[in-house]
$ cat protein-v8.txt   # compact mmCIF, C-alpha atoms and all ligand atoms
# COMPACT_ATOMS: atom_id res chain seq x y z
CA MET Z 1 -48.41 26.78 -66.79
CA ASN Z 2 -44.89 25.72 -67.25
CA LEU Z 3 -42.41 26.89 -64.65
CA ASN Z 4 -38.72 26.21 -64.85
CA ALA Z 5 -37.40 27.97 -61.75
CA ALA Z 6 -33.79 26.97 -62.42
CA ALA Z 7 -33.82 28.45 -65.93
CA ARG Z 8 -36.01 31.35 -64.69
CA GLU Z 9 -38.67 30.70 -67.32
CA LEU Z 10 -42.43 30.91 -66.96
CA SER Z 11 -44.84 30.03 -69.74
CA LEU Z 12 -48.59 30.76 -69.62
CA LYS Z 13 -51.53 30.09 -71.93
CA PHE Z 14 -54.47 32.48 -72.27
CA VAL Z 15 -57.54 31.63 -74.35
CA TYR Z 16 -60.00 34.14 -75.86
CA CYS Z 17 -63.49 32.62 -75.95
CA GLY Z 18 -66.92 33.99 -76.78
CA PRO Z 19 -69.78 33.86 -79.26
CA PRO Z 20 -69.38 34.03 -83.05
CA LEU Z 21 -67.88 37.28 -84.39
CA SER Z 22 -67.62 38.96 -80.97
CA GLY Z 23 -64.07 40.15 -81.64
CA LYS Z 24 -61.82 37.43 -80.24
CA THR Z 25 -59.40 37.56 -83.17
CA THR Z 26 -59.55 41.37 -83.13
CA ASN Z 27 -58.38 41.34 -79.48
CA VAL Z 28 -55.40 39.16 -80.35
CA LYS Z 29 -54.60 41.38 -83.34
CA GLY Z 30 -54.89 44.43 -81.08
CA LEU Z 31 -52.29 42.98 -78.74
CA HIS Z 32 -50.09 42.12 -81.71
CA HIS Z 33 -50.31 45.78 -82.73
CA ALA Z 34 -49.58 47.01 -79.18
CA LEU Z 35 -46.46 44.88 -78.80
CA ALA Z 36 -43.06 45.87 -80.14
CA PRO Z 37 -41.71 43.37 -82.70
CA GLY Z 38 -39.14 42.13 -80.19
CA HIS Z 39 -41.91 41.03 -77.82
CA ARG Z 40 -44.10 39.11 -80.20
CA GLY Z 41 -43.79 36.21 -82.58
CA ARG Z 42 -45.76 35.65 -85.73
CA LEU Z 43 -49.54 35.79 -85.43
CA MET Z 44 -50.76 32.46 -86.73
CA SER Z 45 -54.33 32.45 -88.00
CA LEU Z 46 -56.23 29.78 -89.82
CA ASP Z 47 -59.18 31.48 -91.47
CA THR Z 48 -61.84 30.59 -93.98
CA ALA Z 49 -62.30 32.77 -97.09
CA ASP Z 50 -64.63 35.09 -95.15
CA ASP Z 51 -62.15 35.72 -92.32
CA ARG Z 52 -63.86 33.38 -89.87
CA THR Z 53 -61.50 31.59 -87.53
CA LEU Z 54 -61.36 27.99 -88.63
CA PHE Z 55 -59.20 26.42 -85.99
CA PHE Z 56 -57.60 29.03 -83.77
CA ASP Z 57 -55.32 32.07 -83.76
CA MET Z 58 -52.11 31.96 -81.80
CA LEU Z 59 -49.80 34.80 -80.86
CA PRO Z 60 -46.69 34.13 -78.79
CA VAL Z 61 -45.61 36.97 -76.50
CA ALA Z 62 -42.16 36.90 -74.94
CA LEU Z 63 -40.30 39.30 -72.69
CA THR Z 64 -37.71 39.54 -69.96
CA VAL Z 65 -39.23 40.77 -66.72
CA PRO Z 66 -37.08 42.53 -64.11
CA SER Z 67 -37.68 41.92 -60.42
CA PRO Z 68 -36.69 44.31 -57.61
CA SER Z 69 -35.23 41.55 -55.44
CA HIS Z 70 -34.49 38.65 -57.78
CA ALA Z 71 -32.76 38.06 -61.11
CA PRO Z 72 -34.85 38.82 -64.23
CA PHE Z 73 -36.93 36.01 -65.68
CA SER Z 74 -38.37 35.10 -69.08
CA LEU Z 75 -42.11 35.25 -69.45
CA ARG Z 76 -43.84 33.67 -72.39
CA VAL Z 77 -47.60 34.00 -72.88
CA ARG Z 78 -49.30 32.17 -75.71
CA LEU Z 79 -52.55 33.86 -76.69
CA PHE Z 80 -55.14 31.68 -78.39
CA SER Z 81 -58.51 32.66 -79.79
CA VAL Z 82 -61.02 29.93 -80.46
CA PRO Z 83 -63.45 29.85 -83.41
CA GLY Z 84 -66.90 31.10 -82.39
CA GLN Z 85 -69.03 29.28 -84.94
CA LEU Z 86 -71.31 26.77 -83.26
CA VAL Z 87 -69.98 23.80 -85.23
CA HIS Z 88 -66.51 24.22 -83.73
CA ALA Z 89 -67.39 23.23 -80.15
CA THR Z 90 -64.88 20.36 -80.12
CA THR Z 91 -62.08 22.66 -81.24
CA ARG Z 92 -62.95 25.11 -78.46
CA LYS Z 93 -62.75 22.37 -75.89
CA VAL Z 94 -59.39 21.14 -77.18
CA VAL Z 95 -57.88 24.64 -77.26
CA LEU Z 96 -58.99 25.21 -73.65
CA GLN Z 97 -56.82 22.35 -72.45
CA GLY Z 98 -53.86 23.60 -70.49
CA ALA Z 99 -55.24 27.16 -70.30
CA ASP Z 100 -54.19 29.27 -67.34
CA GLY Z 101 -56.90 31.84 -67.89
CA VAL Z 102 -59.74 32.86 -70.19
CA VAL Z 103 -60.94 36.14 -71.63
CA PHE Z 104 -64.62 35.90 -72.49
CA VAL Z 105 -65.29 38.39 -75.30
CA ALA Z 106 -69.01 39.18 -75.30
CA ASP Z 107 -70.73 41.14 -78.05
CA SER Z 108 -72.39 44.23 -76.54
CA ARG Z 109 -75.18 44.34 -79.11
CA LEU Z 110 -78.62 43.64 -77.67
CA GLU Z 111 -79.37 41.14 -80.42
CA GLU Z 112 -76.35 39.08 -79.32
CA THR Z 113 -77.47 38.70 -75.69
CA GLN Z 114 -78.64 35.14 -76.16
CA ALA Z 115 -75.54 34.16 -78.16
CA ASN Z 116 -73.37 35.49 -75.32
CA ALA Z 117 -75.29 33.49 -72.73
CA GLN Z 118 -75.15 30.33 -74.79
CA SER Z 119 -71.42 30.67 -75.37
CA PHE Z 120 -70.76 31.37 -71.69
CA ALA Z 121 -72.77 28.30 -70.68
CA GLU Z 122 -70.72 26.21 -73.10
CA LEU Z 123 -67.49 27.62 -71.65
CA ARG Z 124 -68.65 26.71 -68.12
CA GLN Z 125 -69.49 23.22 -69.35
CA HIS Z 126 -66.09 22.78 -71.01
CA LEU Z 127 -64.30 23.99 -67.89
CA ALA Z 128 -66.29 21.56 -65.75
CA GLU Z 129 -65.31 18.76 -68.11
CA LEU Z 130 -61.64 19.67 -67.68
CA GLY Z 131 -62.00 18.59 -64.04
CA PRO Z 132 -59.67 20.07 -61.41
CA ALA Z 133 -57.71 21.99 -64.08
CA GLY Z 134 -60.84 23.92 -65.05
CA ARG Z 135 -62.10 24.58 -61.55
CA GLY Z 136 -61.55 28.19 -60.48
CA LEU Z 137 -59.79 29.05 -63.73
CA PRO Z 138 -59.59 32.87 -63.87
CA ILE Z 139 -61.98 34.49 -66.34
CA VAL Z 140 -62.13 38.14 -67.36
CA MET Z 141 -65.30 39.35 -69.11
CA GLN Z 142 -65.07 41.87 -71.90
CA PHE Z 143 -68.06 43.59 -73.48
CA ASN Z 144 -66.77 44.50 -76.92
CA LYS Z 145 -68.16 46.72 -79.72
CA ARG Z 146 -69.06 49.61 -77.40
CA ASP Z 147 -68.86 51.88 -80.49
CA LEU Z 148 -72.05 50.43 -81.96
CA SER Z 149 -75.65 51.51 -81.33
CA GLU Z 150 -78.33 49.29 -79.81
CA ILE Z 151 -75.94 47.87 -77.29
CA ARG Z 152 -76.47 46.92 -73.67
CA GLU Z 153 -76.27 50.10 -71.66
CA ASP Z 154 -73.54 51.05 -69.22
CA ASP Z 155 -76.00 50.86 -66.31
CA GLU Z 156 -76.80 47.27 -67.16
CA LEU Z 157 -73.12 46.35 -67.38
CA GLU Z 158 -72.56 47.95 -63.97
CA LEU Z 159 -75.31 45.86 -62.41
CA LEU Z 160 -73.90 42.79 -64.09
CA ALA Z 161 -70.37 43.59 -62.92
CA ARG Z 162 -71.54 44.01 -59.32
CA ASP Z 163 -73.16 40.58 -59.39
CA SER Z 164 -70.42 38.87 -61.36
CA GLN Z 165 -67.57 36.82 -60.00
CA GLU Z 166 -65.50 37.90 -62.96
CA PRO Z 167 -64.12 41.39 -63.53
CA VAL Z 168 -65.86 43.14 -66.42
CA PHE Z 169 -64.29 45.45 -69.02
CA ARG Z 170 -65.67 47.51 -71.90
CA ALA Z 171 -63.82 47.48 -75.21
CA VAL Z 172 -63.75 48.72 -78.75
CA ALA Z 173 -61.29 46.11 -79.93
CA ILE Z 174 -61.09 47.41 -83.52
CA ARG Z 175 -59.60 50.60 -82.04
CA GLY Z 176 -57.52 48.72 -79.46
CA GLU Z 177 -59.54 50.24 -76.61
CA GLY Z 178 -59.74 48.04 -73.52
CA VAL Z 179 -57.64 45.30 -75.11
CA ARG Z 180 -54.51 45.78 -72.99
CA GLU Z 181 -56.49 46.32 -69.76
CA THR Z 182 -58.36 43.06 -70.32
CA PHE Z 183 -55.15 41.15 -70.98
CA LEU Z 184 -53.29 42.65 -68.00
CA SER Z 185 -56.17 41.97 -65.64
CA LEU Z 186 -56.18 38.34 -66.67
CA LEU Z 187 -52.43 38.23 -66.11
CA ALA Z 188 -52.97 39.61 -62.59
CA LEU Z 189 -55.66 37.05 -61.78
CA VAL Z 190 -53.62 34.18 -63.16
CA TRP Z 191 -50.52 35.31 -61.27
CA ALA Z 192 -52.49 35.68 -58.02
CA ARG Z 193 -53.94 32.19 -58.41
CA LEU Z 194 -50.57 30.55 -59.08
CA ASP Z 195 -49.06 32.58 -56.27
CA ARG Z 196 -51.70 31.38 -53.80
CA ARG Z 197 -50.34 27.92 -54.51
CA GLY Z 198 -46.93 29.25 -53.52
CA GLN Z 199 -45.47 28.96 -56.97
CA LEU Z 200 -44.44 32.44 -58.04
CA SER Z 201 -43.40 34.87 -55.24
CA GLU Z 202 -40.65 32.54 -54.20
CA PRO Z 203 -38.78 32.24 -57.52
CA PHE Z 204 -39.58 35.70 -58.87
CA GLY Z 205 -40.11 37.95 -55.84
CA LEU Z 206 -43.24 39.58 -57.27
CA ASP Z 207 -46.87 39.58 -56.15
CA ALA Z 208 -49.61 39.94 -58.79
CA PRO Z 209 -49.75 43.77 -58.92
CA GLY Z 210 -45.95 43.90 -58.90
CA ALA Z 211 -45.77 41.37 -61.74
CA VAL Z 212 -48.24 43.31 -63.88
CA ASN Z 213 -46.40 46.58 -63.32
CA ALA Z 214 -43.06 44.95 -64.14
CA VAL Z 215 -44.55 43.47 -67.34
CA THR Z 216 -46.08 46.76 -68.51
CA ARG Z 217 -42.78 48.56 -67.90
CA ALA Z 218 -40.90 45.89 -69.83
CA LEU Z 219 -43.37 46.22 -72.70
CA GLY Z 220 -43.17 50.01 -72.65
CA TRP Z 221 -46.90 50.38 -71.99
CA SER Z 222 -47.96 53.47 -70.06
CA ILE Z 223 -50.57 51.65 -68.01
CA ASP Z 224 -50.40 50.00 -64.61
CA ILE Z 225 -52.47 47.75 -62.39
CA ASP Z 226 -54.31 50.71 -60.84
CA ALA Z 227 -55.27 51.99 -64.28
CA CYS Z 228 -56.64 48.53 -65.12
CA ALA Z 229 -58.72 48.47 -61.95
CA ALA Z 230 -60.01 51.98 -62.66
CA ALA Z 231 -60.99 50.95 -66.20
CA SER Z 232 -63.05 47.97 -65.08
CA VAL Z 233 -66.83 48.31 -64.97
CA ALA Z 234 -67.99 49.19 -61.43
CA HIS Z 235 -64.42 48.59 -60.26
CA SER Z 236 -65.13 44.89 -60.52
CA PHE Z 237 -61.43 44.22 -60.88
CA GLY Z 238 -59.50 44.59 -57.66
CA LEU Z 239 -59.36 43.36 -54.12
CA ALA Z 240 -62.51 41.27 -54.37
CA ASN Z 241 -60.93 39.25 -57.12
CA GLY Z 242 -57.99 38.27 -55.06
CA VAL Z 243 -55.33 40.33 -56.75
CA GLU Z 244 -54.06 41.28 -53.32
CA PRO Z 245 -54.08 39.06 -50.28
N1 LIG A 1 -67.81 47.94 -84.66
C1 LIG A 1 -66.94 47.06 -84.15
N2 LIG A 1 -66.63 45.96 -84.85
C2 LIG A 1 -65.73 45.11 -84.30
C3 LIG A 1 -65.13 45.34 -83.04
N3 LIG A 1 -64.30 44.30 -82.77
C4 LIG A 1 -64.38 43.47 -83.83
N4 LIG A 1 -65.24 43.96 -84.75
C5 LIG A 1 -65.61 43.38 -86.05
O1 LIG A 1 -66.37 42.21 -85.85
C6 LIG A 1 -66.09 41.24 -86.85
C7 LIG A 1 -65.65 39.95 -86.22
O2 LIG A 1 -64.41 40.14 -85.55
P1 LIG A 1 -63.44 38.92 -85.24
O3 LIG A 1 -62.35 39.46 -84.36
O4 LIG A 1 -63.04 38.22 -86.49
O5 LIG A 1 -64.42 38.01 -84.40
P2 LIG A 1 -64.16 36.56 -83.83
O6 LIG A 1 -64.80 36.55 -82.50
O7 LIG A 1 -62.73 36.22 -83.89
O8 LIG A 1 -64.97 35.67 -84.88
P3 LIG A 1 -64.94 34.05 -85.06
O9 LIG A 1 -63.53 33.62 -84.84
O10 LIG A 1 -65.42 33.78 -86.44
O11 LIG A 1 -65.87 33.54 -84.00
C8 LIG A 1 -65.01 41.88 -87.75
O12 LIG A 1 -65.62 42.47 -88.86
C9 LIG A 1 -64.39 42.93 -86.84
O13 LIG A 1 -63.83 44.00 -87.54
C10 LIG A 1 -65.48 46.54 -82.33
O14 LIG A 1 -65.01 46.84 -81.24
N5 LIG A 1 -66.40 47.34 -82.94
MG MG A 2 -61.77 34.61 -84.72

$ encode --input "protein-v8.txt" --output "structure tokens" --more "lines below"
Ligand SMILES: Nc1nc2c(ncn2[C@@H]2O[C@H](COP(=O)(O)OP(=O)(O)OP(=O)(O)O)[C@@H](O)[C@H]2O)c(=O)[nH]1
Ligand SMILES: [Mg+2]
Amino acid sequence: MNLNAAARELSLKFVYCGPPLSGKTTNVKGLHHALAPGHRGRLMSLDTADDRTLFFDMLPVALTVPSPSHAPFSLRVRLFSVPGQLVHATTRKVVLQGADGVVFVADSRLEETQANAQSFAELRQHLAELGPAGRGLPIVMQFNKRDLSEIREDDELELLARDSQEPVFRAVAIRGEGVRETFLSLLALVWARLDRRGQLSEPFGLDAPGAVNAVTRALGWSIDIDACAAASVAHSFGLANGVEP
């Protein structure tokens, strides 16, 4: 997080993590597609010949956010997706540095259950190694590829969401479904966390739901914080996750 209250500029970093080929890059591309050209920079990807992420993808998002009580401010969010292949563990750890929040993109296919668990354990390990910066870092879980067969069933995801500390979303990232909700929910969690430290309401006059709604209006998205909560599995995104006091 980089806050320049005098210049009214806030800069955040979100990282998309998850097992190999779960759809991390597809999420970032989906956001690229959902953003008007004026709100996004160039999508930088470093791929191998077979479209595997080699180092990371990065998409800068930038917008001016109005506030009901304060002057508008500039928000910049840099979206990174890490490479999922097992050999790139060091890269994943490096990209996580300075992150304000993480989207964990899980692959819904039954055969990927173990790969999801392994990747999540590695993420937990990397966050622990970051020390205080990694402790309590907001994470949103996304179960992607809901369009495929032989996937973990909705009932199972609901049980998981009820037990989970993290909000859970379903997605079909290749069709853009669930991509914006996942992103906005992470924004709400990150905002709420920074706000609890007294850093954001004061300069910007917005609580987390207010910030998300102001951002979606500025982006021209017809979706708000309540729609995000309603889209989460078992309503796992909401009060329990500290979006409101
Ligand atoms: N059926 C289906 N395929 C998807 C979905 N999302 C992504 N894919 C496909 O899954 C493959 C991998 O997607 P990527 O977004 O490159 O995955 P990744 O997690 O970035 O992969 P690495 O960076 O190599 O770890 C591609 O062929 C995508 O088109 C989805 O929702 N449904
Ligand atoms: Mg990728």

$ closest_residue --input "protein-v8.txt" --among "Z:Thr25, Z:Pro83, Z:Arg8, Z:Ala208" --to "Z:Leu54" --atoms "all atoms listed in the file"
Z:Pro83

$ residues_around --input "protein-v8.txt" --residues "Z:Gln125" --least-positions-apart "3" --cutoff "12 Å" --atoms "only C-alpha atoms" --output "PyMOL selection string"
chain Z and resi 89+92-93+96+118-122+128-131+134-135

$ residues_near_ligand --input "protein-v8.txt" --ligand "ligand LIG 1 (chain A)" --cutoff "6 Å" --atoms "all atoms listed in the file" --output "PyMOL selection string"
chain Z and resi 20-26+52-53+83-85+144-145+147-148+172-174

$ closest_residue --input "protein-v8.txt" --among "Z:Asp155, Z:Ser222, Z:Val95, Z:Tyr16" --to "Z:Gln142" --atoms "only C-alpha atoms"
Z:Tyr16

$ residues_around --input "protein-v8.txt" --residues "Z:Thr216" --least-positions-apart "5" --cutoff "10 Å" --atoms "only C-alpha atoms" --output "list in words"
Val65, Arg180, Leu184, Ala211, Trp221, Ser222, Ile223, Asp224 and Ile225 of chain Z

$ residues_near_point --input "protein-v8.txt" --point "(-51.4, 24.0, -61.5)" --cutoff "12 Å" --atoms "only C-alpha atoms" --output "ChimeraX atom specification"
/Z:1-3,12,98-101,132-137,190-191,193-200

$ write_last_selection --input "protein-v8.txt" --atoms "C-alpha atoms" --output "tab-separated table (two decimals), in the coordinates of the input"
chain	number	residue	atom	x	y	z
Z	1	MET	CA	-48.41	26.78	-66.79
Z	2	ASN	CA	-44.89	25.72	-67.25
Z	3	LEU	CA	-42.41	26.89	-64.65
Z	12	LEU	CA	-48.59	30.76	-69.62
Z	98	GLY	CA	-53.86	23.60	-70.49
Z	99	ALA	CA	-55.24	27.16	-70.30
Z	100	ASP	CA	-54.19	29.27	-67.34
Z	101	GLY	CA	-56.90	31.84	-67.89
Z	132	PRO	CA	-59.67	20.07	-61.41
Z	133	ALA	CA	-57.71	21.99	-64.08
Z	134	GLY	CA	-60.84	23.92	-65.05
Z	135	ARG	CA	-62.10	24.58	-61.55
Z	136	GLY	CA	-61.55	28.19	-60.48
Z	137	LEU	CA	-59.79	29.05	-63.73
Z	190	VAL	CA	-53.62	34.18	-63.16
Z	191	TRP	CA	-50.52	35.31	-61.27
Z	193	ARG	CA	-53.94	32.19	-58.41
Z	194	LEU	CA	-50.57	30.55	-59.08
Z	195	ASP	CA	-49.06	32.58	-56.27
Z	196	ARG	CA	-51.70	31.38	-53.80
Z	197	ARG	CA	-50.34	27.92	-54.51
Z	198	GLY	CA	-46.93	29.25	-53.52
Z	199	GLN	CA	-45.47	28.96	-56.97
Z	200	LEU	CA	-44.44	32.44	-58.04

$ residues_around --input "protein-v8.txt" --residues "Z:Val15" --least-positions-apart "6" --cutoff "6 Å" --atoms "all atoms listed in the file" --output "count of residues only"
4

$ atom_distance --input "protein-v8.txt" --atom1 "atom CA of Z:Thr64" --atom2 "atom CA of Z:Asn27"
22.8 Å

$ closest_residue --input "protein-v8.txt" --among "Z:Phe183, Z:Phe143, Z:Phe237, Z:Phe204" --to "Z:Ser67" --atoms "all atoms listed in the file"
Z:Phe204

$ atom_distance --input "protein-v8.txt" --atom1 "atom CA of Z:His32" --atom2 "atom CA of Z:Glu181"
14.2 Å

$ axis_aligned_box --input "protein-v8.txt" --around "stretch 162-174 of chain Z" --padding-each-side "5 Å" --output "lines of an AutoDock Vina configuration file"
center_x = -67.1
center_y = 42.8
center_z = -71.4
size_x = 22.1
size_y = 21.9
size_z = 34.2

$ closest_residue --input "protein-v8.txt" --among "Z:Leu43, Z:Val168, Z:Ala188, Z:Met141" --to "Z:Val103" --atoms "all atoms listed in the file"
Z:Met141

$ closest_residue --input "protein-v8.txt" --among "Z:Leu86, Z:Leu186, Z:Val105, Z:Leu10" --to "Z:Leu63" --atoms "all atoms listed in the file"
Z:Leu10

$ atom_distance --input "protein-v8.txt" --atom1 "atom CA of Z:Ala36" --atom2 "atom CA of Z:Glu177"
17.4 Å

$ residues_around --input "protein-v8.txt" --residues "Z:Glu158" --least-positions-apart "2" --cutoff "12 Å" --atoms "all atoms listed in the file" --output "number ranges by chain"
Z: 143, 152-156, 160-164, 167-170, 232-236

$ write_last_selection --input "protein-v8.txt" --atoms "C-alpha atoms" --output "PDB file, in the coordinates of the input"
ATOM      1  CA  PHE Z 143     -68.060  43.590 -73.480  1.00  0.00           C
ATOM      2  CA  ARG Z 152     -76.470  46.920 -73.670  1.00  0.00           C
ATOM      3  CA  GLU Z 153     -76.270  50.100 -71.660  1.00  0.00           C
ATOM      4  CA  ASP Z 154     -73.540  51.050 -69.220  1.00  0.00           C
ATOM      5  CA  ASP Z 155     -76.000  50.860 -66.310  1.00  0.00           C
ATOM      6  CA  GLU Z 156     -76.800  47.270 -67.160  1.00  0.00           C
ATOM      7  CA  LEU Z 160     -73.900  42.790 -64.090  1.00  0.00           C
ATOM      8  CA  ALA Z 161     -70.370  43.590 -62.920  1.00  0.00           C
ATOM      9  CA  ARG Z 162     -71.540  44.010 -59.320  1.00  0.00           C
ATOM     10  CA  ASP Z 163     -73.160  40.580 -59.390  1.00  0.00           C
ATOM     11  CA  SER Z 164     -70.420  38.870 -61.360  1.00  0.00           C
ATOM     12  CA  PRO Z 167     -64.120  41.390 -63.530  1.00  0.00           C
ATOM     13  CA  VAL Z 168     -65.860  43.140 -66.420  1.00  0.00           C
ATOM     14  CA  PHE Z 169     -64.290  45.450 -69.020  1.00  0.00           C
ATOM     15  CA  ARG Z 170     -65.670  47.510 -71.900  1.00  0.00           C
ATOM     16  CA  SER Z 232     -63.050  47.970 -65.080  1.00  0.00           C
ATOM     17  CA  VAL Z 233     -66.830  48.310 -64.970  1.00  0.00           C
ATOM     18  CA  ALA Z 234     -67.990  49.190 -61.430  1.00  0.00           C
ATOM     19  CA  HIS Z 235     -64.420  48.590 -60.260  1.00  0.00           C
ATOM     20  CA  SER Z 236     -65.130  44.890 -60.520  1.00  0.00           C
TER      21      SER Z 236
END

$ closest_residue --input "protein-v8.txt" --among "Z:Gly220, Z:Pro72, Z:Gly176, Z:Gly205" --to "Z:Val28" --atoms "all atoms listed in the file"
Z:Gly176

$ residues_around --input "protein-v8.txt" --residues "Z:Val77" --least-positions-apart "3" --cutoff "8 Å" --atoms "all atoms listed in the file" --output "list in words"
Ser11, Leu12, Lys13, Phe14, Pro60, Val61 and Ala62 of chain Z

$ write_last_selection --input "protein-v8.txt" --atoms "C-alpha atoms" --output "compact mmCIF listing (two decimals), in the frame of the given file"
# COMPACT_ATOMS: atom_id res chain seq x y z
CA SER Z 11 -44.84 30.03 -69.74
CA LEU Z 12 -48.59 30.76 -69.62
CA LYS Z 13 -51.53 30.09 -71.93
CA PHE Z 14 -54.47 32.48 -72.27
CA PRO Z 60 -46.69 34.13 -78.79
CA VAL Z 61 -45.61 36.97 -76.50
CA ALA Z 62 -42.16 36.90 -74.94
